[in-house]
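Reading through the structure tokens given below for one structure.
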Amino acid sequence: MSETRALTVRRPTVSLTPRERSRRRREARGAWSLLSPSLIILGVMVGYPAVLMVIQSFTDYTVKNKVQGTLPAFIGLENYIDLFTQSDFPAVLMRSLGLMVVLTVLNMTFGVLVAVLMTRLSRAWRIVVSIGLLLAWAMPPLTATVVWGWIFDTQYGVVNWAMNTVTGTTDWTNHSWLLNPWSFFFVLTIIIVWQSVPFVAFTTYAGLGQVPGEVLEAASLDGAHPWKRFWFIVFPYLRSILTVVLVLQIIWNLRIFTQVYALQSRGGLASETNVLGTYLFRQGVGEFGSTAAIGVVMVILLLALSWGYVRTTLKEEEL
């Protein structure tokens, strides 16, 4: 009993002198004064548009209200109900989620494999691979899409010529890769993976430098299989890095726009290849209420997909 009481006794609070309290107040004011410009910019650039988007999603706000200067009518959840019952949004949402899963898996898999490969290469070959990755990574998305569009061009594309050469036929002459939705997304996947793998590879390669060499050497001497060495020794060191990269890949792959829109402009059917970004862009001109509802759904979806990472980060900070 006495031990329990001893454990529950609280430490006496140390009273601060007026001088120390004054110093702490000055430090707090100084910290808030340094943070205030960033908080103001975030409030204006992020907070205000977000709040306005949420409010507009519950109204029938159109370009007519904007031109005439009239207030829109409050219609509650009607925009959200119409979005899921009277539009193509559910199909576009499922298409975007499926594409996001495929792109994320390919980006993470090839990125980690390239990073591991770079650790096995000589210095000269590692420099060559790094330059190639940088060139692919540095190319603007629109430029990359145009170049790959030429490669898969219907009349002058290298791919059609190569397929005719390999098969010894002319079946691939004037073959359109963008007209069919499946081949459209095949070309789109190549473009995005080609540009996304370098980021994953460089980030993972930097994380591999944190793995102690002596631990890997000891595991190798004990007869551990390469896969077991990676999973039980290397992966724990990379877990936090790969988690951040995974969340970023999910967000980026769900927000793709430039590549899809550029390929649609070269011959793709927009109605069958729209993703969330292009669907939002192609929504009725001036239908601000319905487009705001789409934006709110996208934000909620992105927050839900990244919530696990946010929780893990907060728990690690508390520890």
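Lettering and numbering for the structure tokens are positional, with chains as A, B, ... in the shown order, residues counted from 1 in each chain, and ligands counted from 1 in the shown order.
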Checklist line | Every residue of region 83-317 of chain A that DSSP places in helix (DSSP H, G or I), as a PyMOL selection string | finding: chain A and resi 83-85+89-120+123-138+141-151+158-167+181-208+213-221+226-254+258-265+270-273+276-282+288-317
Next item on the list: Write out as a PyMOL selection string each polymer residue whose atoms come within 6 Å of Ala136 (chain A), counting only C-alpha atoms; drop sequence neighbours fewer than 3 positions from it.
Entry: chain A and resi 133+139+195
Check: By how many Å are CA of Pro37 (chain A) and CA of Ala50 (chain A) apart?
Finding: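 Separation between CA of Pro37 (chain A) and CA of Ala50 (chain A): 19.1 Å.
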Next item on the list: Find the residues near Asn253 (chain A): any atom within 8 Å, counting only C-alpha atoms, skip ones fewer than 6 places away on the same chain, and give them as a PyMOL selection string.
Entry: chain A and resi 99-100+103-104
Contacts between region 65-87 of chain A and region 221-299 of chain A, please, where a residue of region 221-299 of chain A counts if it comes within 10 Å (with only C-alpha atoms); show its shortest atom pair and distance in Å to one decimal, rows by chain and ascending number, as a tab-separated table.
residue	atom	partner	partner_atom	distance
A:Gly286	CA	A:Lys66	CA	9.0
A:Phe288	CA	A:Lys66	CA	9.8
A:Gly289	CA	A:Asn79	CA	7.0
A:Ser290	CA	A:Asn79	CA	5.4
A:Thr291	CA	A:Asn79	CA	8.8
A:Ala292	CA	A:Asn79	CA	8.9
A:Ala293	CA	A:Tyr80	CA	6.1
A:Ile294	CA	A:Leu83	CA	7.7
A:Val296	CA	A:Tyr80	CA	9.6
A:Val297	CA	A:Tyr80	CA	8.7
Note to self: Could you tell me how far CA of Ser265 (chain A) sits from CA of Ser183 (chain A), in Å to one decimal place?
What the structure shows: 15.3 Å
Next item on the list: Find the distance between CA of Ser176 (chain A) and CA of Ala144 (chain A) and write it in Å to one decimal.
Entry: 18.8 Å
Check: Using only C-alpha atoms, which of A:Thr278, A:Ser130, A:Thr17, A:Thr109 sits nearest Phe202 (chain A)?
Finding: A:Ser130
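Considering only C-alpha atoms, the residue among A:Thr273, A:Phe257, A:Tyr156, A:Val245 positioned nearest to Asn107 (chain A) is A:Val245.
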